[in-house]
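Asks: I am sharing model02.csv, which consists of CSV, C-alpha atoms:
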chain,number,residue,atom,x,y,z
N,470,MET,CA,20.0,-131.2,103.4
N,471,ASN,CA,21.4,-129.4,100.4
N,472,MET,CA,23.7,-132.3,99.7
N,473,ILE,CA,20.8,-134.8,99.6
N,474,LYS,CA,18.9,-132.5,97.3
N,475,ASN,CA,21.9,-132.2,95.0
N,476,LYS,CA,22.3,-136.0,94.9
N,477,ALA,CA,18.6,-136.4,94.1
N,478,SER,CA,18.8,-133.9,91.2
N,479,GLU,CA,22.0,-135.5,89.9
N,480,ARG,CA,20.3,-138.9,89.9
N,481,GLU,CA,17.3,-137.5,88.0
N,482,GLU,CA,19.7,-136.0,85.5
N,483,ILE,CA,21.4,-139.3,85.0
N,484,GLU,CA,18.0,-141.0,84.7
N,485,ALA,CA,17.0,-138.6,82.0
N,486,LEU,CA,20.1,-139.3,80.0
N,487,LEU,CA,19.7,-143.1,80.0
N,488,PRO,CA,17.9,-143.3,76.5
N,489,TRP,CA,20.7,-141.3,74.9
N,490,HIS,CA,23.3,-143.4,76.6
N,491,ALA,CA,21.7,-146.6,75.2
N,492,ALA,CA,21.5,-145.0,71.7
N,493,GLY,CA,25.2,-144.0,72.0
N,494,THR,CA,24.5,-140.3,71.3
N,495,LEU,CA,25.9,-138.8,74.5
N,496,SER,CA,29.1,-136.8,74.8
N,497,ARG,CA,32.0,-138.7,76.2
N,498,ARG,CA,31.8,-136.8,79.4
N,499,ASP,CA,28.1,-137.5,79.9
N,500,ALA,CA,28.5,-141.1,78.9
N,501,GLN,CA,31.2,-141.5,81.6
N,502,LYS,CA,28.9,-140.0,84.2
N,503,VAL,CA,26.2,-142.4,83.3
N,504,GLU,CA,28.5,-145.4,83.3
N,505,GLN,CA,29.8,-144.5,86.8
N,506,ALA,CA,26.2,-144.1,88.1
N,507,LEU,CA,25.1,-147.4,86.6
N,508,ALA,CA,28.0,-149.2,88.3
N,509,ARG,CA,27.0,-148.1,91.8
N,510,ASP,CA,23.1,-147.9,91.5
N,511,ALA,CA,21.3,-151.2,91.0
N,512,GLU,CA,17.9,-149.6,90.6
N,513,LEU,CA,19.3,-147.4,87.8
N,514,SER,CA,20.7,-150.5,86.1
N,515,THR,CA,17.2,-152.1,86.1
N,516,GLN,CA,15.8,-149.0,84.6
N,517,TYR,CA,18.6,-149.0,82.0
N,518,GLU,CA,17.7,-152.5,81.1
N,519,THR,CA,14.1,-151.4,80.3
N,520,VAL,CA,15.6,-148.6,78.2
N,521,ARG,CA,17.6,-151.1,76.1
N,522,GLN,CA,14.5,-153.2,75.6
N,523,ASP,CA,12.6,-150.2,74.4
N,524,LEU,CA,15.4,-149.2,72.1
N,525,VAL,CA,15.5,-152.7,70.5
N,526,GLU,CA,11.8,-152.9,69.9
N,527,THR,CA,11.6,-149.3,68.6
N,528,ILE,CA,14.2,-150.2,66.0
N,529,GLY,CA,12.4,-153.5,65.2
N,530,LEU,CA,9.0,-151.7,64.8
N,531,ASN,CA,10.5,-149.0,62.6
N,532,GLU,CA,12.3,-151.5,60.4
N,533,SER,CA,9.1,-153.4,60.0
N,534,LEU,CA,7.4,-150.4,58.4
N,535,GLY,CA,9.0,-151.1,55.0
N,536,ALA,CA,10.1,-148.6,52.4
N,537,PRO,CA,8.4,-146.3,50.0
N,538,SER,CA,7.8,-147.4,46.4
N,539,ALA,CA,9.7,-146.0,43.4
N,540,ARG,CA,6.7,-143.7,42.9
N,541,ALA,CA,8.1,-141.3,45.6
N,542,MET,CA,11.3,-140.7,43.7
N,543,GLN,CA,9.4,-140.4,40.3
N,544,LYS,CA,7.0,-137.9,41.8
N,545,LEU,CA,9.9,-135.9,43.3
N,546,MET,CA,11.8,-135.7,40.0
N,547,ALA,CA,8.6,-134.7,38.1
N,548,ASP,CA,7.9,-132.0,40.7
N,549,ILE,CA,11.5,-130.8,40.4
N,550,GLU,CA,11.2,-130.6,36.6
N,551,ALA,CA,8.0,-128.6,37.0
N,552,ASP,CA,9.3,-126.4,39.7
N,553,ALA,CA,9.8,-122.7,38.9
N,554,SER,CA,13.1,-122.6,40.8
N,555,THR,CA,14.5,-125.3,38.6
N,556,ALA,CA,14.0,-123.3,35.4
N,557,ARG,CA,15.5,-120.3,37.1
N,558,ARG,CA,18.6,-122.3,38.2
N,559,VAL,CA,19.1,-123.8,34.7
N,560,LYS,CA,18.8,-120.3,33.2
N,561,THR,CA,21.4,-118.9,35.5
N,562,SER,CA,24.6,-118.6,33.7
N,563,PHE,CA,27.8,-117.1,34.9
N,564,ASN,CA,27.6,-113.4,34.7
N,565,LEU,CA,30.0,-111.7,37.1
N,566,GLY,CA,29.2,-108.2,35.9
N,567,GLU,CA,25.5,-108.8,36.5
N,568,TRP,CA,26.1,-110.2,39.9
N,569,LEU,CA,28.3,-107.3,40.9
N,570,SER,CA,25.9,-104.8,39.5
N,571,ASP,CA,23.1,-106.4,41.5
N,572,LYS,CA,25.3,-106.1,44.6
N,573,LEU,CA,26.2,-102.5,43.9
N,574,SER,CA,22.6,-101.5,43.3
N,575,SER,CA,21.7,-102.6,46.8
N,576,PHE,CA,24.5,-100.7,48.5
N,577,SER,CA,23.9,-97.7,50.7
N,578,PRO,CA,25.4,-94.3,49.6
N,579,ARG,CA,28.2,-94.8,52.2
N,580,THR,CA,29.0,-98.2,50.9
N,581,LEU,CA,29.1,-96.9,47.3
N,582,ALA,CA,32.4,-95.3,48.3
N,583,TRP,CA,33.7,-98.9,47.9
N,584,SER,CA,32.5,-99.0,44.3
N,585,ALA,CA,36.0,-98.3,43.0
N,586,THR,CA,37.3,-101.3,44.9
N,587,ALA,CA,34.4,-103.4,43.6
N,588,ALA,CA,35.2,-102.4,40.0
N,589,ALA,CA,38.8,-103.3,40.6
N,590,LEU,CA,37.7,-106.7,42.0
N,591,ALA,CA,35.5,-107.3,39.0
N,592,ILE,CA,38.5,-106.7,36.7
N,593,VAL,CA,40.7,-109.0,38.7
N,594,LEU,CA,38.1,-111.7,39.0
N,595,GLN,CA,37.2,-111.6,35.3
N,596,ALA,CA,40.9,-111.6,34.3
N,597,GLY,CA,41.4,-114.6,36.6
N,598,LEU,CA,38.3,-116.4,35.2
N,599,LEU,CA,39.3,-115.7,31.6
N,600,ALA,CA,42.7,-117.0,32.3
N,601,GLY,CA,41.2,-120.1,33.9
N,602,MET,CA,38.9,-120.6,30.9
N,603,PHE,CA,41.8,-120.3,28.6
N,604,VAL,CA,43.8,-122.9,30.5
N,605,ASN,CA,40.8,-125.2,30.7
N,606,GLU,CA,40.2,-125.0,27.0
N,607,LYS,CA,43.8,-125.9,26.4
N,608,GLN,CA,43.3,-128.9,28.5
N,609,GLY,CA,40.2,-129.8,26.5
N,610,GLY,CA,37.7,-129.4,29.4
N,611,SER,CA,35.5,-126.8,30.8
N,612,LEU,CA,34.8,-126.3,34.5
N,613,PHE,CA,31.7,-124.2,33.8
N,614,ASP,CA,29.2,-126.8,33.1
N,615,THR,CA,27.4,-127.3,36.5
N,616,ALA,CA,28.5,-128.1,40.0
N,617,SER,CA,27.4,-131.6,39.3
N,618,VAL,CA,29.3,-134.8,38.8
N,619,SER,CA,30.7,-134.6,35.3
N,620,LYS,CA,32.7,-137.4,33.8
N,621,SER,CA,34.5,-135.2,31.4
N,622,GLU,CA,35.7,-132.9,34.2
N,623,PRO,CA,39.4,-133.0,34.7
N,624,ALA,CA,40.6,-134.1,38.1
N,625,MET,CA,41.1,-131.0,40.3
N,626,VAL,CA,44.4,-130.7,42.1
N,627,GLY,CA,44.3,-128.9,45.4
N,628,THR,CA,41.7,-128.3,48.1
N,629,TYR,CA,38.4,-126.8,47.1
N,630,ALA,CA,35.3,-125.6,48.9
N,631,LEU,CA,31.8,-124.5,47.9
N,632,ILE,CA,30.9,-121.2,49.2
N,633,SER,CA,28.0,-118.7,49.1
N,634,PHE,CA,28.1,-115.2,50.5
N,635,ALA,CA,25.7,-113.5,52.9
N,636,PRO,CA,23.2,-111.3,51.1
N,637,GLN,CA,24.5,-108.2,53.0
N,638,ALA,CA,28.1,-108.9,52.2
N,639,SER,CA,29.7,-106.1,50.1
N,640,ALA,CA,32.3,-106.6,47.4
N,641,ALA,CA,34.9,-105.2,49.9
N,642,ASP,CA,33.9,-107.8,52.5
N,643,ILE,CA,34.3,-110.5,49.9
N,644,THR,CA,37.7,-109.2,48.8
N,645,ARG,CA,38.9,-109.0,52.4
N,646,LEU,CA,37.7,-112.6,53.0
N,647,MET,CA,39.5,-113.8,49.9
N,648,GLN,CA,42.7,-112.1,51.0
N,649,THR,CA,42.5,-113.2,54.6
N,650,TYR,CA,42.2,-116.9,53.6
N,651,ASN,CA,44.3,-116.6,50.5
N,652,MET,CA,41.4,-118.1,48.5
N,653,LYS,CA,40.6,-117.9,44.8
N,654,ILE,CA,37.2,-118.2,43.1
N,655,VAL,CA,37.7,-120.8,40.4
N,656,GLU,CA,34.1,-121.5,39.4
N,657,GLY,CA,30.6,-120.2,39.7
N,658,PRO,CA,28.2,-118.9,40.5
N,659,SER,CA,26.1,-122.0,40.1
N,660,GLY,CA,22.9,-120.8,41.8
N,661,GLU,CA,24.5,-118.8,44.5
N,662,MET,CA,27.5,-121.1,45.0
N,663,PHE,CA,31.1,-120.5,44.0
N,664,THR,CA,33.9,-122.9,44.0
N,665,VAL,CA,37.0,-121.6,45.8
N,666,LYS,CA,40.5,-123.0,45.8
N,667,LEU,CA,41.7,-123.1,49.4
N,668,ALA,CA,45.2,-124.7,48.8
N,669,LEU,CA,47.4,-125.7,45.9
N,670,THR,CA,47.7,-129.2,47.4
N,671,GLY,CA,45.4,-131.6,49.3
N,672,MET,CA,45.0,-130.5,52.9
N,673,PRO,CA,45.0,-132.9,55.9
N,674,LYS,CA,41.4,-133.6,57.0
N,675,GLU,CA,41.7,-132.0,60.4
N,676,ASP,CA,43.2,-128.8,59.0
N,677,LEU,CA,40.5,-128.6,56.4
N,678,ALA,CA,37.7,-129.2,58.9
N,679,ARG,CA,39.2,-126.4,61.1
N,680,LEU,CA,39.4,-124.0,58.1
N,681,ILE,CA,35.8,-124.8,57.0
N,682,LYS,CA,34.7,-124.2,60.6
N,683,GLN,CA,36.5,-120.8,60.7
N,684,LEU,CA,35.0,-119.8,57.4
N,685,GLN,CA,31.5,-120.8,58.6
N,686,ASP,CA,31.9,-118.3,61.5
N,687,GLU,CA,32.6,-115.4,59.1
N,688,LYS,CA,29.7,-113.0,58.8
N,689,THR,CA,30.4,-112.6,55.0
N,690,VAL,CA,29.8,-116.4,54.5
N,691,ARG,CA,26.3,-117.8,54.2
N,692,PHE,CA,27.3,-121.4,53.4
N,693,VAL,CA,30.6,-123.2,53.1
N,694,GLY,CA,31.3,-126.9,52.6
N,695,GLN,CA,34.2,-129.0,51.4
N,696,LYS,CA,34.0,-129.8,47.7
N,697,SER,CA,34.7,-133.5,47.4
N,698,ALA,CA,37.3,-134.8,45.0
N,699,GLU,CA,35.6,-136.0,41.8
B,1313,MET,CA,36.8,-144.4,48.1
B,1314,GLN,CA,35.6,-141.0,49.3
B,1315,THR,CA,31.9,-140.6,50.0
B,1316,THR,CA,30.5,-137.2,49.3
B,1317,THR,CA,29.2,-135.7,52.6
B,1318,ASP,CA,25.5,-134.7,52.9
B,1319,GLU,CA,26.7,-131.1,53.3
B,1320,ALA,CA,28.6,-131.3,49.9
B,1321,LEU,CA,25.5,-132.8,48.3
B,1322,ILE,CA,23.4,-129.9,49.6
B,1323,GLY,CA,25.9,-127.5,48.1
B,1324,ARG,CA,25.5,-129.1,44.8
B,1325,ILE,CA,21.8,-129.2,45.0
B,1326,ALA,CA,21.9,-125.5,45.7
B,1327,GLY,CA,23.7,-125.2,42.4
B,1328,GLY,CA,20.9,-127.1,40.6
B,1329,ASP,CA,22.5,-130.5,40.5
B,1330,LYS,CA,19.7,-133.1,40.1
B,1331,LEU,CA,22.0,-136.1,40.4
B,1332,ALA,CA,23.1,-134.8,43.9
B,1333,MET,CA,19.4,-134.6,44.7
B,1334,GLN,CA,18.9,-138.3,43.8
B,1335,VAL,CA,21.9,-139.3,45.8
B,1336,LEU,CA,20.6,-137.5,48.9
B,1337,PHE,CA,17.1,-139.0,48.4
B,1338,ALA,CA,18.5,-142.5,48.1
B,1339,ARG,CA,20.5,-142.0,51.3
B,1340,HIS,CA,17.7,-140.7,53.5
B,1341,HIS,CA,14.3,-141.4,52.0
B,1342,VAL,CA,13.6,-144.7,53.9
B,1343,ARG,CA,14.2,-143.2,57.3
B,1344,VAL,CA,12.3,-140.0,56.5
B,1345,TYR,CA,9.4,-142.1,55.2
B,1346,ARG,CA,9.3,-144.2,58.4
B,1347,PHE,CA,9.4,-141.1,60.5
B,1348,VAL,CA,6.5,-139.6,58.5
B,1349,LEU,CA,4.6,-142.9,58.4
B,1350,ARG,CA,4.7,-143.2,62.2
B,1351,LEU,CA,3.2,-139.7,62.4
B,1352,VAL,CA,0.5,-139.8,59.7
B,1353,GLY,CA,-0.2,-143.6,59.6
B,1354,GLU,CA,-1.0,-143.9,55.9
B,1355,PRO,CA,1.7,-145.3,53.6
B,1356,SER,CA,0.5,-143.5,50.4
B,1357,ARG,CA,0.2,-140.2,52.3
B,1358,ALA,CA,3.6,-140.7,53.8
B,1359,GLU,CA,5.0,-141.3,50.3
B,1360,ASP,CA,3.5,-138.1,49.0
B,1361,LEU,CA,4.9,-136.2,52.0
B,1362,ILE,CA,8.4,-137.4,51.5
B,1363,SER,CA,8.4,-136.2,47.9
B,1364,GLU,CA,7.3,-132.8,49.3
B,1365,VAL,CA,10.0,-132.9,51.9
B,1366,PHE,CA,12.7,-133.4,49.3
B,1367,LEU,CA,11.2,-130.8,47.0
B,1368,ASP,CA,11.5,-128.3,49.8
B,1369,VAL,CA,15.2,-129.4,50.1
B,1370,TRP,CA,15.6,-128.7,46.4
B,1371,ARG,CA,14.1,-125.2,46.8
B,1372,GLN,CA,15.8,-124.3,50.0
B,1373,ALA,CA,19.2,-125.9,49.7
B,1374,ASP,CA,20.9,-122.5,49.3
B,1375,ARG,CA,19.5,-121.5,52.7
B,1376,PHE,CA,20.9,-124.6,54.6
B,1377,GLU,CA,23.2,-123.2,57.3
B,1378,ALA,CA,25.1,-126.3,58.2
B,1379,ARG,CA,24.6,-125.7,61.9
B,1380,SER,CA,22.9,-129.0,62.2
B,1381,GLN,CA,23.2,-132.4,60.4
B,1382,VAL,CA,21.4,-132.7,57.1
B,1383,SER,CA,19.4,-135.6,58.5
B,1384,THR,CA,18.2,-133.4,61.3
B,1385,TRP,CA,17.1,-130.7,58.8
B,1386,LEU,CA,15.3,-133.3,56.8
B,1387,LEU,CA,13.4,-134.7,59.8
B,1388,ALA,CA,12.5,-131.1,60.9
B,1389,ILE,CA,11.0,-130.5,57.5
B,1390,ALA,CA,9.3,-133.9,57.5
B,1391,ARG,CA,7.8,-133.2,60.9
B,1392,TYR,CA,6.4,-129.9,59.8
B,1393,LYS,CA,4.9,-131.4,56.7
B,1394,ALA,CA,3.4,-134.4,58.6
B,1395,LEU,CA,1.9,-132.2,61.3
B,1396,SER,CA,0.4,-129.8,58.6
B,1397,ALA,CA,-1.1,-132.8,56.9
B,1398,LEU,CA,-2.6,-134.1,60.1
B,1399,ARG,CA,-4.2,-130.7,60.9
B,1400,LYS,CA,-6.3,-131.1,57.8
B,1401,ARG,CA,-8.0,-134.3,59.3
B,1402,PRO,CA,-10.4,-134.6,62.2
B,1403,ASP,CA,-8.6,-135.8,65.4
B,1404,GLU,CA,-10.7,-138.9,66.1
B,1405,GLU,CA,-10.2,-140.2,62.6
B,1406,LEU,CA,-6.5,-139.5,62.9
B,1407,ASP,CA,-5.9,-141.6,66.1
B,1408,ASP,CA,-7.9,-144.6,64.9
B,1409,GLU,CA,-6.3,-144.6,61.5
B,1410,THR,CA,-2.8,-144.2,62.8
B,1411,ALA,CA,-3.1,-147.1,65.2
B,1412,GLN,CA,-4.7,-149.3,62.6
B,1413,ALA,CA,-2.1,-148.6,60.0
B,1414,ILE,CA,0.8,-149.7,62.2
B,1415,GLU,CA,-0.7,-152.4,64.5
B,1416,ASP,CA,-0.3,-156.0,63.5
B,1417,PRO,CA,-3.9,-157.2,63.1
B,1418,GLY,CA,-2.9,-160.8,64.1
B,1419,ASP,CA,-1.8,-159.8,67.6
B,1420,ASP,CA,-4.4,-158.0,69.6
B,1421,PRO,CA,-3.4,-157.2,73.2
B,1422,GLU,CA,-5.2,-160.3,74.6
B,1423,VAL,CA,-3.4,-162.7,72.3
B,1424,ALA,CA,-0.1,-160.9,73.0
B,1425,MET,CA,-0.7,-161.2,76.8
B,1426,GLN,CA,-1.4,-164.9,76.4
B,1427,LYS,CA,1.8,-165.4,74.6
B,1428,LYS,CA,3.6,-163.5,77.5
B,1429,ASP,CA,5.8,-162.2,74.8
B,1430,THR,CA,7.3,-158.9,76.1
B,1431,SER,CA,8.6,-158.1,72.7
B,1432,VAL,CA,5.1,-158.2,71.1
B,1433,VAL,CA,3.4,-156.4,73.9
B,1434,LEU,CA,6.2,-153.7,73.9
B,1435,ARG,CA,5.7,-153.1,70.1
B,1436,GLN,CA,2.0,-152.8,70.6
B,1437,ALA,CA,2.5,-150.4,73.4
B,1438,LEU,CA,4.8,-148.3,71.2
B,1439,THR,CA,2.0,-147.9,68.7
B,1440,LYS,CA,-0.4,-146.8,71.5
B,1441,LEU,CA,1.7,-143.8,72.7
B,1442,SER,CA,0.5,-140.3,71.9
B,1443,ALA,CA,2.0,-138.7,68.8
B,1444,GLU,CA,4.2,-136.5,71.0
B,1445,HIS,CA,5.7,-139.5,72.9
B,1446,ARG,CA,5.9,-141.7,69.8
B,1447,GLU,CA,7.8,-139.0,67.9
B,1448,ILE,CA,10.4,-138.5,70.7
B,1449,ILE,CA,11.0,-142.2,71.2
B,1450,ASP,CA,11.5,-142.7,67.5
B,1451,LEU,CA,13.9,-139.7,67.2
B,1452,VAL,CA,16.1,-140.9,70.1
B,1453,TYR,CA,16.1,-144.7,69.6
B,1454,TYR,CA,15.6,-145.1,65.8
B,1455,HIS,CA,16.9,-141.9,64.3
B,1456,GLU,CA,19.8,-141.7,66.9
B,1457,LYS,CA,19.3,-138.0,67.5
B,1458,SER,CA,21.1,-136.3,70.4
B,1459,VAL,CA,19.2,-134.1,72.9
B,1460,GLU,CA,20.3,-131.0,71.0
B,1461,GLU,CA,19.2,-132.4,67.6
B,1462,VAL,CA,15.8,-133.5,68.9
B,1463,SER,CA,15.4,-130.0,70.4
B,1464,LYS,CA,16.0,-128.5,66.9
B,1465,ILE,CA,13.6,-130.9,65.2
B,1466,VAL,CA,10.8,-130.6,67.6
B,1467,GLY,CA,11.4,-126.9,68.4
B,1468,VAL,CA,11.4,-127.2,72.2
B,1469,PRO,CA,14.2,-126.5,74.8
B,1470,GLU,CA,16.6,-129.3,75.6
B,1471,ASN,CA,15.3,-129.7,79.1
B,1472,THR,CA,11.8,-130.2,77.7
B,1473,VAL,CA,13.2,-132.9,75.4
B,1474,LYS,CA,14.6,-134.8,78.4
B,1475,THR,CA,11.4,-134.5,80.4
B,1476,ARG,CA,9.2,-135.5,77.5
B,1477,MET,CA,11.4,-138.6,76.9
B,1478,PHE,CA,11.2,-139.5,80.5
B,1479,TYR,CA,7.4,-139.3,80.5
B,1480,ALA,CA,7.2,-141.2,77.3
B,1481,ARG,CA,9.2,-144.0,78.9
B,1482,LYS,CA,6.9,-143.9,81.9
B,1483,ARG,CA,3.8,-144.1,79.8
B,1484,LEU,CA,5.3,-147.1,77.9
B,1485,GLY,CA,5.9,-148.8,81.3
B,1486,ASP,CA,2.3,-148.1,82.3
B,1487,LEU,CA,1.0,-149.6,79.1
B,1488,LEU,CA,3.1,-152.7,79.6
B,1489,LYS,CA,1.9,-153.0,83.2
B,1490,ALA,CA,-1.7,-152.8,82.0
B,1491,ALA,CA,-0.9,-155.6,79.6
B,1492,GLY,CA,0.5,-157.7,82.4
B,1493,VAL,CA,4.2,-157.2,81.9
B,1494,GLU,CA,6.1,-156.1,84.9
B,1495,ARG,CA,9.7,-154.9,84.3
B,1496,GLY,CA,10.6,-153.4,87.6
B,1497,TRP,CA,10.4,-149.9,86.4
B,1498,PRO,CA,8.4,-147.6,86.7
Transcribe the structure of this file into structure tokens.
Replies:
Amino acid sequence: MNMIKNKASEREEIEALLPWHAAGTLSRRDAQKVEQALARDAELSTQYETVRQDLVETIGLNESLGAPSARAMQKLMADIEADASTARRVKTSFNLGEWLSDKLSSFSPRTLAWSATAAALAIVLQAGLLAGMFVNEKQGGSLFDTASVSKSEPAMVGTYALISFAPQASAADITRLMQTYNMKIVEGPSGEMFTVKLALTGMPKEDLARLIKQLQDEKTVRFVGQKSAE
Amino acid sequence: MQTTTDEALIGRIAGGDKLAMQVLFARHHVRVYRFVLRLVGEPSRAEDLISEVFLDVWRQADRFEARSQVSTWLLAIARYKALSALRKRPDEELDDETAQAIEDPGDDPEVAMQKKDTSVVLRQALTKLSAEHREIIDLVYYHEKSVEEVSKIVGVPENTVKTRMFYARKRLGDLLKAAGVERGWP
């Protein structure tokens, strides 16, 4: 009796997955399960055929809906220009001291015990950034324009990522993160994003994806993504 | 040639990069527009709404958590905007307008039945589904969203997503039957 019930619920489960199987969005394991069921169940195959018809016509219907006019993009860009957050972002210039002082002012008394560490970090970071600016000036370029595509930007050697920190992250947390992953801040903040150098050379894609995933799981990190080569 | 990922674009947008915003818009605006149009039914309203969707992306890029695809995030914002816009209109007006905006006026159900063209009848049936069923069918078949992603966009558990899709397909089958097309299921 139980076995019959199990078989019935398994079939219902497969039935429910047919649309995603047709769209190719199932995991490999689920797709295999559906394939096996389709091979032995003729009624399920008939049902699958209707799913495929539905899929084709849904795509056809959506494709027939056309596209928005250029007005949509124009309106968006005008709205962005007029938006208060845009002015704020443009106004934001790199001021590590201000950033750290903001962070420190929000610390609890216990956390303030870390202030000496934070001050040390500020000195180290500023020294690093000043050295970086000096080197860049020598090369005739600046990395401090924006995070945007800049044609005058020199090619960056190494592996980089864009990162922003969780609001509750303390300076000590950030220092620890930098040390654990052997990362260096090379640019920012632009908005709340910093560019960090992950490795001196280009990393294999899989290793980089693994590292980004690891960083994503860190509580100190709010956002991290690969910075593409420009 | 390396293509910048959507996630990298969002990172740049968070930093105030308008060019990255334009690239993201160019990449996704047609699909987002079609999704919104299927919900609100008016092309000019859908156009305004997609501008609002991408303006929200501009404002909230620094809060994007990369736990889902960027396209999933866009569709979730688009859905919220479309539903908010729909709430501002009376229901009766809404259903009529939605159907009229999408249906092909040259092919009413009678003509389609005469043609015995399953394809035409099927497309008409797709426009007659409830907003809830229409939305899920579009997300799965056209926007290629997994069960998990649909669950994030629509804000319901994954099991509800599967059940809702099943009933949407059943309803579609019933509409076809009513139009004289028998497919063997349901």
Asks: Please return, as number ranges by chain, all residues of chain N lying within 8 Å of chain B when all atoms listed in the file are considered.
Replies: N: 485-486, 488-489, 492-495, 515-516, 519-520, 523-524, 526-528, 530-531, 534-538, 540-542, 544-545, 548-549, 554-555, 558-559, 615-618, 631, 658-662, 691-692, 694-698
Asks: Using only C-alpha atoms, determine which residues lie at most 10 Å from region 506-510 of chain N, disregarding the query and same-chain residues fewer than 3 positions distant; provide the list as number ranges by chain.
Replies: N: 479-480, 483-484, 487, 500-503, 513-517
Asks: Interatomic distance between CA of Ala1443 (chain B) and CA of Ser1396 (chain B)?
Replies: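 Interatomic distance here is 13.6 Å.
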Asks: Pick out the residues sitting within 8 Å of Ala638 (chain N), and hand them over as a list in words; count only C-alpha atoms, and ignore anything fewer than 4 positions along from it in its own chain.
Replies: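 The filter keeps Phe634, Asp642, Ile643, Lys688 and Thr689 of chain N.
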Asks: Please, what distance in Å, to one decimal, runs between CA of Leu1395 (chain B) and CA of Val1352 (chain B)?
Replies: 7.9 Å
Asks: CA of Ser1383 (chain B) to CA of His1340 (chain B): how many Å, to one decimal?
Replies: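 Separation between CA of Ser1383 (chain B) and CA of His1340 (chain B): 7.3 Å.
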